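*Asks:* This is the structure, below, for whatever I ask next.
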Amino acid sequence: MIQHDALIVGAGLAGQSAALAAIRNGARDVAILTKVHPVRSHSCAAQGGIAASLGNSAPDSTESHEFDTVKGGDYLSDQTAATILAENAPDTIYELEHMGVVFSRTEDGKIAQRPFGGHTSPRACYAADRTGHAVLHGLYEQVMKAGVKTYSEWYMLSLVIEERQCRGVVVMNIDTGEIETIRAKAVFFGTGGYGRIFQTTTNAFASTGDGAIIAYRAGIPLEDMEFMQFHPTGLYRHGILASEGARGEGAYLINGKGERFMERYAKERMELAPRDIVSRAEQMEIDEGRGGEEDGGAVYLDLRHLGGERIMERLPQIWQLAYDFLGVDMIKQPIPIQPTAHYSMGGIPTNTDGEVVDDQENSVVRGYYAAGECACVSTHGANRLGTNSLLEACVYGARTGRSIARYVSNGASEEGAEKALKDAQARAVEYVERVRAMDGPERTADIRTDMKHAMMHKCGVFREEKPLQELMGELQELRARFERASVMDRGRRFNTEILETIEMDHMLELTQVVAAGALARQESRGGHARRDYPQRDDQSWLKHTLAYRQEDGTPALRYKSVEIVKYEPQERKY
Amino acid sequence: MSELITFRIRRFNPESGEEAYYEDFTFEPPNPEATLLDCINHIKWHIDGTLTYRMSCRSAICGSCAMRVNGGGQLVCNAQFQDYLDENGVVTIEPVGNMPVVKDLVTDFSDFWNKVHSVNPYVQYADEDAERSNDGEHRMDPTDFAKINEASTCILCGACYSECVSYEADRNFLGPAALAKAQRLVNDTRDETKQERLEALSEYGGMWDCAHCFACVQACPKPVNPLYRIIDLRREAHKEGFHDNNGSRHARGFVEIIEESGWLDEAKLPVKSVGSVSEFVADLLPMGVRMGLKNKYRPNPLHMIPGRHHPEIPKMEEVKTIIQKTRLDKEDETAEAEGEADHG
Amino acid sequence: MAEENGGTETERKRYAFYPGCVSKGACKELKTSTEIVAKHLGIELDELTEAACCGAGVTDDVNEEMTDALNARTLAMAEQRGLTLLTQCSTCQGVLNKLNKEVQADEDKRERLNGILDETGYQYDGTVEVKHLLWTLVDEEEYGISKLKEQVKRPLTGLRIAPFYGCYILRPSDLLGFDHPHRPTSLDELIEALGGETVDYKGKTKCCGFPIQMMRPTNSFRMAGTHLNEAKTKGADAMATPCPLCHLNLDARQPDAERVLQQDGKLAGSIDLPTLHVSQLVALALGYSPKELGMDTHIVSTKAVEAKI
């Protein structure tokens, strides 16, 4: 049995921030575990920026950032969480800069900032259009410097919690296939999102929601899972992200007829309205026959008026992506784009210290922490503003790291963990052996394709009661089909087929949680848009969803209140 | 419907006890614009689930999917199969080179990471507390940012190590990605250990061991182009006075020879490059004799005398005008003559 | 002008010829052979005698601007003549081509360099093409492989030749755009057109080791030795290379390469594999004698090659 004071699972911005903060605040024995090498974490794919009211190119304030975040979240944000986010943003950016993160600069040498959707001031600090990459690699430099023990390419199979006390995790060394237990006083999840349950997504193949589902299976509820953000500018048919930074730099959105259609949906902010609004606008243009390309399924991101020099300086990566994947030179042509599943606002419920909470009263599960996309603290409410995700991962990652340092230094309980971990290990071994032996007529890939298609079309940008009900049935069928799937690779070493099959198992369970939350929520708010309930309904639905796993594997829904501090909900206009 | 294509993939199963082998997968491509990764996924998901490789973001930023395609290291997610079919409709996929193979297309990156670690790949301050300061950002001039812009785009995918000839010849070589990272830190205005870095990087295994073969430039999927960053390092080392090694002597000697006569004197350059009499005796002399005996090359020994040189090219005055205009900073030159900035 | 002369004259090719320093020093036999080939094929070489050294990718380690300005002057000389610039050295080609492409794409850089050239009377507008002799012999738009085939008097039948491409003629391919960077064919095509047989081996697109000969001789000679030994093991009678710097490491340094391989335990006896310049190979097939081509000056005896032709 491996032992550490603190185990950080996931090595994106949240995980690495947590590890570094825990160490810097006195935790001695901190280890990181990740299913991909730390720099392969999906945080690297974030492009446009990280928010902070530095005011480097226009006056700004933390209050303004805070309000924009709450309004952007369609008033589902817990407001203390949003306040902490905005207030800690400038120091977090300065700290990253001191660590060595490479930021683009203004003429006078300060960190450059650009406008972003839903933010009323240009507060997106950026590194060209590879901000996530810059921050991830900057943090990893510090992880190397600190010599943090890292289990790279180790896969978590289960989390052990007994009576609101976290005991550790069961993991697989991918290289050897061996299954081990790690006992830890504190376990942190920074395991990312689950965009892979949708047909079109910006997310990496690794974004399968493992952490969320493993928590769910350990008895932790999942919060607000119906709130999925669709990014307005995914490369047509590929879903690959083309940064909102493009619109921050002044790009237009045009439909198949060449009209700047945002005029109809957000007259004032136009292309820089929040993502939920822009994605819905695009989908409406497409649905009403004003799309472009052969099947009318695209609209366009038009950067031509920005000129080649600015594009190559500020947006070189997306120029290359559009060129490599669509053969489009964006200096000369508009890029065909479509809404693409991007970010999950929901996740593992936590308080503002990153402690996981498991009920309507926010009772703490001792020794268990989460931050970043897998968690729901909830700063983003029903819709996250662009550039707030990197910020949240860093702010709450570090904040949680400090909580962990306090916890492990204060004589955290370790008693009685051994048996629970051994039992969990035996169950995990049995589970993996069952997967290894799968020998049915179905192909996992086909089930996955059908699942992603069903989610996209029945639980996508727009949702409605009847298709959602159909979807619930289809997901049950897919689960039954999955029981008859097969695995060809029966080897032990580096068996990625077994991993993909386990990820598929995780995703199938997640889809049911997302779909159930979406079916139940009879209103439209932020990333959740119901055609049959087009209005926000604060009377009935100003509340967070909590989905609990029942014996039969299906979710039971409960709700908890939203924390309103400074900002009473009002109509959301842009 | 569409033409069948073949992926010839190098397979290796560590548990079978068999040697590595090539397997052909012939199939209808998932779509005409499919990337190489789409095709490899198609094989895994529809033909042979045992095929093993790394991949994640599929948008050329996570650095997981470097492989050798038709003989060269690259990512497979950002390239379409159409551009890689040979005349028989075959694409050859192998694991990246210069690393032990774990299984199929998965290789062991341990030494790659060791090399990256070994350049102290993080900003170093004289006062370590400065790192945690929240006291506003450092100012960095946009021109200083430009010097680290390209190196900072590195995704550590390892495609460059796959093809690096110096790393192949000698595992002590730091290699392209680690040297690119080092260049970023040498030129990062926040770092306060430039001198220590340049000194270490001038040692055996460092910047002067690169053979300038462009294989890393060819392989690099990003604008890092490690060779060009290594050249940046050499310029910086020259500027900062790290002159006591054959690489620096060679480059400076070459420039001096051109300044004298406009063209290369092949006898003089090696003599200017070596740092000791023993190197001259052990290596240069036998080669000189060898070439002289065969009448391949018999330089005039009088040209070797300091202040003298082989004949100038015609219109040498034009060359001198250019040299005059492009001389590096005079102050540096003076300081160097006085030995002040010389770290020899 | 050429057109007025009619007949074969219309097809005469004329180039601004940049021979490169090595062909005037340690590889004089290269220049001799190239001139023989050019004369025989009716290719006119207008030699740029006033051009300075290209810097061989070394001088810009110290002084980029000087290197670029001297090379811009060379390109301007070809431009003044309205001719394509021809090299017989991969390295000269690579260095000049890279600058050429940069200057063509980057107006600021062009202006800066022209500012330096001002007093010399040269200005470079970016209109020149830079080509290696090998390319012009193979490319049907230039002299071309089919015409070359017709000229072969003494086919190199039975001669097994390992093409050694090296670096500068292949990489970076997006800049040079002639051969495939990993699976080049031009030198193979040439060998076959001359009646020879090509030997395939892994090292043919790798580095000969020359650039680190002075810095890390063991590594340098290990590279040369590995490729030579591999070609020899695959049955080659000789290597052929478009780069005189490769030639120096593969030929003049072959005894050193053998020593390193022996120390590595990779070689028992000697390698004994001669290395020919591209133009020597062509001239041999055109009927010239090894002596005329300076093959007797090579460090590794070319007798075995001579015996086969």
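FYI, nothing fancy with the structure tokens labels: chains A, B, ... in order, residues from 1 per chain, ligands from 1 as they appear.
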Excluding same-chain residues fewer than 6 positions from segment 102-115 of chain B, what lies within 8 Å of it counting only C-alpha atoms, as a VMD selection string?
*Replies:* (chain A and resid 493 to 494) or (chain B and resid 10 to 14 51 to 54 67 94 to 96 158 161 174 to 175 178)
*Asks:* I need the strand (DSSP E) residues of segment 21-161 of chain B per DSSP on the backbone, written as a PyMOL selection string.
*Replies:* chain B and resi 21-27+66-69+72-75+90-94+101-103+106-107
*Asks:* Okay, now the selection with N, CA and C atoms, as a PDB file, in the first residue's frame?
*Replies:*
ATOM      1  N   TYR B  21       7.286  -6.228 -35.113  1.00  0.00           N
ATOM      2  CA  TYR B  21       6.997  -6.577 -36.511  1.00  0.00           C
ATOM      3  C   TYR B  21       6.091  -5.501 -37.112  1.00  0.00           C
ATOM      4  N   TYR B  22       5.920  -5.543 -38.415  1.00  0.00           N
ATOM      5  CA  TYR B  22       5.031  -4.584 -39.078  1.00  0.00           C
ATOM      6  C   TYR B  22       3.734  -5.276 -39.453  1.00  0.00           C
ATOM      7  N   GLU B  23       2.637  -4.588 -39.211  1.00  0.00           N
ATOM      8  CA  GLU B  23       1.349  -5.151 -39.590  1.00  0.00           C
ATOM      9  C   GLU B  23       0.623  -4.170 -40.505  1.00  0.00           C
ATOM     10  N   ASP B  24       0.066  -4.689 -41.577  1.00  0.00           N
ATOM     11  CA  ASP B  24      -0.693  -3.851 -42.505  1.00  0.00           C
ATOM     12  C   ASP B  24      -2.173  -3.878 -42.161  1.00  0.00           C
ATOM     13  N   PHE B  25      -2.765  -2.707 -42.028  1.00  0.00           N
ATOM     14  CA  PHE B  25      -4.214  -2.597 -41.860  1.00  0.00           C
ATOM     15  C   PHE B  25      -4.767  -1.898 -43.094  1.00  0.00           C
ATOM     16  N   THR B  26      -5.600  -2.611 -43.827  1.00  0.00           N
ATOM     17  CA  THR B  26      -6.174  -2.024 -45.038  1.00  0.00           C
ATOM     18  C   THR B  26      -7.658  -1.778 -44.786  1.00  0.00           C
ATOM     19  N   PHE B  27      -8.075  -0.542 -45.030  1.00  0.00           N
ATOM     20  CA  PHE B  27      -9.447  -0.177 -44.665  1.00  0.00           C
ATOM     21  C   PHE B  27      -9.908   1.031 -45.469  1.00  0.00           C
ATOM     22  N   ALA B  66       2.993  12.096 -30.664  1.00  0.00           N
ATOM     23  CA  ALA B  66       4.131  12.085 -31.587  1.00  0.00           C
ATOM     24  C   ALA B  66       4.426  10.646 -32.009  1.00  0.00           C
ATOM     25  N   MET B  67       4.594  10.464 -33.288  1.00  0.00           N
ATOM     26  CA  MET B  67       4.958   9.153 -33.844  1.00  0.00           C
ATOM     27  C   MET B  67       5.868   9.418 -35.037  1.00  0.00           C
ATOM     28  N   ARG B  68       6.396   8.341 -35.595  1.00  0.00           N
ATOM     29  CA  ARG B  68       7.204   8.495 -36.797  1.00  0.00           C
ATOM     30  C   ARG B  68       6.330   8.107 -37.990  1.00  0.00           C
ATOM     31  N   VAL B  69       6.115   9.067 -38.853  1.00  0.00           N
ATOM     32  CA  VAL B  69       5.260   8.832 -40.015  1.00  0.00           C
ATOM     33  C   VAL B  69       6.123   8.848 -41.273  1.00  0.00           C
ATOM     34  N   GLY B  72       9.620  10.032 -40.389  1.00  0.00           N
ATOM     35  CA  GLY B  72       9.954  11.259 -39.666  1.00  0.00           C
ATOM     36  C   GLY B  72       9.043  11.471 -38.470  1.00  0.00           C
ATOM     37  N   GLY B  73       9.596  12.027 -37.397  1.00  0.00           N
ATOM     38  CA  GLY B  73       8.802  12.289 -36.200  1.00  0.00           C
ATOM     39  C   GLY B  73       7.847  13.447 -36.421  1.00  0.00           C
ATOM     40  N   GLN B  74       6.638  13.329 -35.907  1.00  0.00           N
ATOM     41  CA  GLN B  74       5.644  14.397 -35.999  1.00  0.00           C
ATOM     42  C   GLN B  74       4.446  14.028 -35.143  1.00  0.00           C
ATOM     43  N   LEU B  75       3.482  14.946 -35.013  1.00  0.00           N
ATOM     44  CA  LEU B  75       2.209  14.598 -34.396  1.00  0.00           C
ATOM     45  C   LEU B  75       1.346  13.941 -35.466  1.00  0.00           C
ATOM     46  N   VAL B  90       0.029   3.505 -49.128  1.00  0.00           N
ATOM     47  CA  VAL B  90       0.460   3.035 -47.811  1.00  0.00           C
ATOM     48  C   VAL B  90       1.019   4.196 -46.982  1.00  0.00           C
ATOM     49  N   VAL B  91       0.648   4.234 -45.700  1.00  0.00           N
ATOM     50  CA  VAL B  91       1.269   5.150 -44.745  1.00  0.00           C
ATOM     51  C   VAL B  91       1.985   4.282 -43.708  1.00  0.00           C
ATOM     52  N   THR B  92       3.236   4.602 -43.424  1.00  0.00           N
ATOM     53  CA  THR B  92       3.975   3.816 -42.441  1.00  0.00           C
ATOM     54  C   THR B  92       4.046   4.559 -41.112  1.00  0.00           C
ATOM     55  N   ILE B  93       3.604   3.911 -40.056  1.00  0.00           N
ATOM     56  CA  ILE B  93       3.583   4.524 -38.728  1.00  0.00           C
ATOM     57  C   ILE B  93       4.466   3.705 -37.787  1.00  0.00           C
ATOM     58  N   GLU B  94       5.377   4.387 -37.150  1.00  0.00           N
ATOM     59  CA  GLU B  94       6.264   3.732 -36.187  1.00  0.00           C
ATOM     60  C   GLU B  94       6.314   4.571 -34.917  1.00  0.00           C
ATOM     61  N   VAL B 101      10.834   1.252 -26.744  1.00  0.00           N
ATOM     62  CA  VAL B 101       9.412   1.053 -27.001  1.00  0.00           C
ATOM     63  C   VAL B 101       8.800   0.277 -25.836  1.00  0.00           C
ATOM     64  N   VAL B 102       7.650   0.772 -25.361  1.00  0.00           N
ATOM     65  CA  VAL B 102       6.933   0.091 -24.275  1.00  0.00           C
ATOM     66  C   VAL B 102       5.963  -0.923 -24.878  1.00  0.00           C
ATOM     67  N   LYS B 103       5.141  -0.440 -25.789  1.00  0.00           N
ATOM     68  CA  LYS B 103       4.172  -1.311 -26.462  1.00  0.00           C
ATOM     69  C   LYS B 103       3.714  -0.594 -27.737  1.00  0.00           C
ATOM     70  N   VAL B 106       3.755   3.233 -28.188  1.00  0.00           N
ATOM     71  CA  VAL B 106       4.035   3.914 -26.910  1.00  0.00           C
ATOM     72  C   VAL B 106       5.518   3.733 -26.572  1.00  0.00           C
ATOM     73  N   THR B 107       6.190   4.842 -26.302  1.00  0.00           N
ATOM     74  CA  THR B 107       7.605   4.763 -25.948  1.00  0.00           C
ATOM     75  C   THR B 107       7.830   5.291 -24.535  1.00  0.00           C
TER      76      THR B 107
END
*Asks:* Just the residues within 10 Å of Leu261 of chain C, please, counting only C-alpha atoms, with nothing from its chain fewer than 4 positions along; format it as a compact mmCIF listing (two decimals) with all heavy atoms, in the first residue's frame.
*Replies:*
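Below you can see part.txt, which holds the result:
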# COMPACT_ATOMS: atom_id res chain seq x y z
N THR C 218 34.31 12.74 -31.37
CA THR C 218 33.86 11.34 -31.26
C THR C 218 32.45 11.17 -31.81
O THR C 218 32.18 10.25 -32.58
CB THR C 218 33.90 10.89 -29.78
OG1 THR C 218 35.20 11.15 -29.28
CG2 THR C 218 33.59 9.42 -29.65
N PHE C 221 32.51 11.57 -35.66
CA PHE C 221 33.03 10.43 -36.42
C PHE C 221 32.14 9.21 -36.26
O PHE C 221 32.05 8.37 -37.14
CB PHE C 221 34.47 10.13 -35.98
CG PHE C 221 35.38 11.33 -36.13
CD1 PHE C 221 36.42 11.56 -35.24
CD2 PHE C 221 35.19 12.23 -37.17
CE1 PHE C 221 37.25 12.67 -35.37
CE2 PHE C 221 36.01 13.35 -37.31
CZ PHE C 221 37.04 13.57 -36.40
N ARG C 222 31.47 9.14 -35.10
CA ARG C 222 30.51 8.03 -34.92
C ARG C 222 29.40 8.14 -35.95
O ARG C 222 28.95 7.14 -36.51
CB ARG C 222 29.94 8.07 -33.50
CG ARG C 222 29.00 6.90 -33.20
CD ARG C 222 28.56 6.91 -31.75
NE ARG C 222 29.66 6.59 -30.85
CZ ARG C 222 29.93 7.26 -29.73
NH1 ARG C 222 29.18 8.28 -29.36
NH2 ARG C 222 30.94 6.92 -28.97
N MET C 223 28.93 9.37 -36.18
CA MET C 223 27.87 9.55 -37.20
C MET C 223 28.37 9.10 -38.56
O MET C 223 27.73 8.29 -39.24
CB MET C 223 27.45 11.02 -37.25
CG MET C 223 26.70 11.50 -36.02
SD MET C 223 26.33 13.28 -36.19
CE MET C 223 25.92 13.68 -34.50
N ALA C 224 29.51 9.64 -38.98
CA ALA C 224 30.05 9.28 -40.29
C ALA C 224 30.25 7.78 -40.39
O ALA C 224 29.83 7.13 -41.36
CB ALA C 224 31.37 10.02 -40.52
N GLY C 225 30.89 7.22 -39.37
CA GLY C 225 31.20 5.80 -39.39
C GLY C 225 29.97 4.93 -39.46
O GLY C 225 29.92 3.93 -40.19
N THR C 226 28.95 5.29 -38.69
CA THR C 226 27.72 4.50 -38.67
C THR C 226 27.10 4.43 -40.06
O THR C 226 26.70 3.36 -40.52
CB THR C 226 26.72 5.12 -37.68
OG1 THR C 226 27.36 5.21 -36.40
CG2 THR C 226 25.46 4.29 -37.57
N ASN C 229 29.43 2.48 -42.51
CA ASN C 229 29.44 1.05 -42.21
C ASN C 229 28.12 0.40 -42.63
O ASN C 229 28.10 -0.71 -43.16
CB ASN C 229 29.70 0.85 -40.71
CG ASN C 229 30.13 -0.56 -40.40
OD1 ASN C 229 30.79 -1.20 -41.22
ND2 ASN C 229 29.75 -1.05 -39.24
N ASP C 256 39.34 8.12 -38.96
CA ASP C 256 38.90 8.47 -37.61
C ASP C 256 37.57 7.80 -37.28
O ASP C 256 37.34 7.34 -36.17
CB ASP C 256 38.74 9.99 -37.48
CG ASP C 256 40.05 10.71 -37.81
OD1 ASP C 256 41.05 10.43 -37.13
OD2 ASP C 256 40.06 11.52 -38.76
N ALA C 257 36.69 7.78 -38.29
CA ALA C 257 35.38 7.14 -38.10
C ALA C 257 35.57 5.66 -37.79
O ALA C 257 34.89 5.11 -36.91
CB ALA C 257 34.53 7.33 -39.35
N GLY C 265 33.09 -0.99 -30.49
CA GLY C 265 32.83 -2.43 -30.69
C GLY C 265 31.88 -2.71 -31.84
O GLY C 265 31.26 -3.77 -31.90
N LYS C 266 31.78 -1.74 -32.76
CA LYS C 266 30.83 -1.91 -33.87
C LYS C 266 31.54 -2.28 -35.18
O LYS C 266 30.90 -2.43 -36.22
CB LYS C 266 30.07 -0.59 -34.10
CG LYS C 266 29.22 -0.13 -32.91
CD LYS C 266 27.81 -0.71 -33.00
CE LYS C 266 27.01 -0.48 -31.74
NZ LYS C 266 26.71 0.94 -31.49
N LEU C 267 32.87 -2.33 -35.12
CA LEU C 267 33.60 -2.58 -36.36
C LEU C 267 34.86 -3.36 -36.03
O LEU C 267 35.58 -3.03 -35.09
CB LEU C 267 33.98 -1.24 -37.02
CG LEU C 267 34.76 -1.29 -38.33
CD1 LEU C 267 33.87 -1.79 -39.47
CD2 LEU C 267 35.31 0.09 -38.68
N ALA C 268 35.11 -4.40 -36.83
CA ALA C 268 36.33 -5.19 -36.60
C ALA C 268 37.48 -4.65 -37.44
O ALA C 268 38.47 -4.16 -36.90
CB ALA C 268 36.05 -6.64 -36.93
N GLY C 269 37.36 -4.64 -38.73
CA GLY C 269 38.47 -4.20 -39.57
C GLY C 269 38.30 -2.76 -40.01
O GLY C 269 38.13 -1.87 -39.19
N SER C 270 38.37 -2.55 -41.31
CA SER C 270 38.18 -1.20 -41.84
C SER C 270 36.87 -1.14 -42.61
O SER C 270 36.23 -2.17 -42.86
CB SER C 270 39.35 -0.85 -42.75
OG SER C 270 39.36 -1.75 -43.84
N ILE C 271 36.48 0.09 -42.99
CA ILE C 271 35.25 0.24 -43.78
C ILE C 271 35.60 0.29 -45.25
O ILE C 271 35.04 -0.42 -46.07
CB ILE C 271 34.47 1.51 -43.37
CG1 ILE C 271 34.08 1.45 -41.89
CG2 ILE C 271 33.22 1.65 -44.23
CD1 ILE C 271 33.45 2.72 -41.35
*Asks:* Give as a PyMOL selection string every residue of chain C that touches chain B within 8 Å, counting only C-alpha atoms.
*Replies:* chain C and resi 21-22+25-28+49-53+55+57-63+65-66+69-70+116-117+119-120+167-168+171-173+181-183+206-207+209-212+214-216+219+222-223+252-253+296-299
*Asks:* For Ala246 of chain A, find every residue with an atom within 10 Å (counting only C-alpha atoms), except residues of its own chain fewer than 2 positions away, and show them as a PyMOL selection string.
*Replies:* chain A and resi 47-48+114-116+129+233+242-244+248-252+301-303+306+311+314-315+318
*Asks:* Save out the residues we just selected, N, CA and C atoms, as a tab-separated table (two decimals), in the first residue's frame.
*Replies:*
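Output below, filename out23.tsv:
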chain	number	residue	atom	x	y	z
A	47	GLN	N	-7.35	28.61	-24.61
A	47	GLN	CA	-6.64	29.48	-25.54
A	47	GLN	C	-6.65	30.96	-25.16
A	48	GLY	N	-7.85	31.52	-24.99
A	48	GLY	CA	-8.00	32.97	-25.07
A	48	GLY	C	-7.50	33.80	-23.92
A	114	ARG	N	-7.16	41.50	-23.08
A	114	ARG	CA	-8.09	41.70	-24.20
A	114	ARG	C	-9.53	41.54	-23.72
A	115	PRO	N	-10.49	42.09	-24.48
A	115	PRO	CA	-11.90	41.93	-24.11
A	115	PRO	C	-12.34	40.48	-24.29
A	116	PHE	N	-13.39	40.10	-23.55
A	116	PHE	CA	-13.95	38.76	-23.66
A	116	PHE	C	-15.45	38.81	-23.41
A	129	ASP	N	-2.71	32.96	-28.22
A	129	ASP	CA	-3.94	32.18	-28.05
A	129	ASP	C	-3.61	30.79	-27.54
A	233	THR	N	-17.67	28.79	-30.93
A	233	THR	CA	-16.80	28.70	-32.10
A	233	THR	C	-15.93	27.45	-32.08
A	242	ALA	N	-11.84	27.24	-31.43
A	242	ALA	CA	-11.24	28.44	-32.01
A	242	ALA	C	-11.54	29.55	-31.02
A	243	SER	N	-10.53	30.04	-30.37
A	243	SER	CA	-10.67	30.88	-29.19
A	243	SER	C	-11.68	32.02	-29.31
A	244	GLU	N	-12.38	32.24	-28.20
A	244	GLU	CA	-13.20	33.45	-28.06
A	244	GLU	C	-12.32	34.69	-28.17
A	248	GLY	N	-12.67	38.56	-29.09
A	248	GLY	CA	-12.06	39.57	-28.22
A	248	GLY	C	-11.21	40.54	-29.03
A	249	GLU	N	-10.59	40.02	-30.06
A	249	GLU	CA	-9.76	40.88	-30.91
A	249	GLU	C	-10.60	41.61	-31.96
A	250	GLY	N	-11.90	41.29	-32.03
A	250	GLY	CA	-12.78	42.04	-32.92
A	250	GLY	C	-13.40	41.24	-34.06
A	251	ALA	N	-13.27	39.91	-34.04
A	251	ALA	CA	-13.84	39.12	-35.14
A	251	ALA	C	-15.36	39.18	-35.13
A	252	TYR	N	-15.96	39.02	-36.31
A	252	TYR	CA	-17.42	39.01	-36.46
A	252	TYR	C	-17.93	37.58	-36.56
A	301	LEU	N	-16.95	32.49	-38.52
A	301	LEU	CA	-16.17	33.44	-37.73
A	301	LEU	C	-15.28	34.18	-38.74
A	302	ASP	N	-15.47	35.47	-38.78
A	302	ASP	CA	-14.83	36.26	-39.84
A	302	ASP	C	-13.78	37.20	-39.23
A	303	LEU	N	-12.52	36.93	-39.54
A	303	LEU	CA	-11.43	37.74	-38.99
A	303	LEU	C	-10.74	38.60	-40.03
A	306	LEU	N	-9.27	42.03	-39.50
A	306	LEU	CA	-8.21	42.25	-38.50
A	306	LEU	C	-6.83	42.36	-39.15
A	311	ILE	N	-3.51	38.93	-36.76
A	311	ILE	CA	-3.91	37.52	-36.62
A	311	ILE	C	-2.70	36.67	-36.26
A	314	ARG	N	-1.49	37.62	-32.56
A	314	ARG	CA	-2.37	37.34	-31.42
A	314	ARG	C	-3.03	35.96	-31.47
A	315	LEU	N	-3.22	35.45	-32.68
A	315	LEU	CA	-4.02	34.22	-32.82
A	315	LEU	C	-3.33	33.18	-33.71
A	318	ILE	N	-4.82	29.41	-33.66
A	318	ILE	CA	-6.08	29.09	-34.34
A	318	ILE	C	-5.95	29.29	-35.85
*Asks:* Could you list the residues in chain A lying within 6 Å of chain B, using only C-alpha atoms, and format the result as a ChimeraX atom specification?
*Replies:* /A:40,91,94-95,98-100,105,109-110,141,204-206,445,488-489
*Asks:* List every residue of segment 146-214 of chain C that DSSP, applied to the backbone, labels as alpha helix (DSSP H), and write the result as a CSV table (one decimal) with C-alpha atoms, in the first residue's frame.
*Replies:*
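Contents of the output file selection-v8.csv:
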chain,number,residue,atom,x,y,z
C,146,SER,CA,15.9,12.3,-69.5
C,147,LYS,CA,18.4,14.5,-71.4
C,148,LEU,CA,21.1,13.4,-69.0
C,149,LYS,CA,20.3,9.8,-69.6
C,150,GLU,CA,20.9,10.3,-73.4
C,151,GLN,CA,24.4,11.7,-72.6
C,173,SER,CA,11.5,20.8,-46.6
C,174,ASP,CA,8.8,23.4,-46.4
C,175,LEU,CA,11.5,25.9,-47.2
C,176,LEU,CA,13.4,24.0,-49.9
C,186,SER,CA,16.6,12.9,-56.5
C,187,LEU,CA,20.0,11.4,-55.9
C,188,ASP,CA,18.6,7.9,-56.3
C,189,GLU,CA,17.1,8.9,-59.7
C,190,LEU,CA,20.4,10.3,-60.7
C,191,ILE,CA,22.3,7.2,-59.8
C,192,GLU,CA,19.9,5.1,-61.7
C,193,ALA,CA,19.9,7.4,-64.7
*Asks:* Measuring between only C-alpha atoms, which one of A:Asn173, A:Cys125, A:Ala58, A:Arg167 shows the shortest distance to Lys419 of chain A?
*Replies:*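 Counting only C-alpha atoms, the residue closest to Lys419 of chain A is A:Arg167.
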*Asks:* State, in Å with one decimal place, the distance from atom CA of Gly411 of chain A to atom CA of Ala186 of chain A.
*Replies:*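 Those two atoms sit 11.2 Å apart.
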*Asks:* Taking into account only C-alpha atoms, which residue in the set C:Leu85, C:Lys291, C:Lys101, C:Asp106 is nearest to chain A?
*Replies:*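 Going through C:Leu85, C:Lys291, C:Lys101, C:Asp106 one by one, the smallest distance to chain A is for C:Asp106.
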*Asks:* When you look at Val95 of chain C with a cut-off of 9 Å (counting only C-alpha atoms), what residues show up, excluding the ones that are within fewer than 4 positions of it in the same chain? I need them as a list of chain:residue names.
*Replies:*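 Returned residues: C:Cys54, C:Gly55, C:Ala56, C:Gly57, C:Asn71, C:Ser90, C:Thr91, C:Leu99, C:Asn100, C:Tyr168.
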*Asks:* In Å, with one decimal, what is the gap from atom CA of Gln512 of chain A to atom CA of Asn383 of chain A?
*Replies:* 20.6 Å
*Asks:* Do you know which residues are at most 7 Å from segment 42-47 of chain C counting only C-alpha atoms, after dropping those on the same chain fewer than 5 positions away, and could you put them as a PyMOL selection string?
*Replies:* chain C and resi 12-18
*Asks:* Store the residues picked out above in a file with N, CA and C atoms, as a compact mmCIF listing (two decimals), in the first residue's frame.
*Replies:*
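Printed below is part-v4.txt as written:
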# COMPACT_ATOMS: atom_id res chain seq x y z
N ARG C 12 20.30 25.69 -74.03
CA ARG C 12 21.45 25.92 -73.16
C ARG C 12 21.01 26.59 -71.89
N LYS C 13 21.51 26.08 -70.79
CA LYS C 13 21.16 26.65 -69.49
C LYS C 13 22.34 27.45 -68.99
N ARG C 14 22.01 28.58 -68.39
CA ARG C 14 23.07 29.42 -67.86
C ARG C 14 22.76 29.77 -66.41
N TYR C 15 23.74 29.66 -65.57
CA TYR C 15 23.53 29.89 -64.13
C TYR C 15 24.59 30.84 -63.57
N ALA C 16 24.19 31.56 -62.55
CA ALA C 16 25.17 32.27 -61.74
C ALA C 16 25.76 31.24 -60.80
N PHE C 17 27.02 30.93 -60.96
CA PHE C 17 27.63 29.78 -60.28
C PHE C 17 28.35 30.24 -59.01
N TYR C 18 27.94 29.65 -57.91
CA TYR C 18 28.54 29.94 -56.61
C TYR C 18 29.25 28.67 -56.17
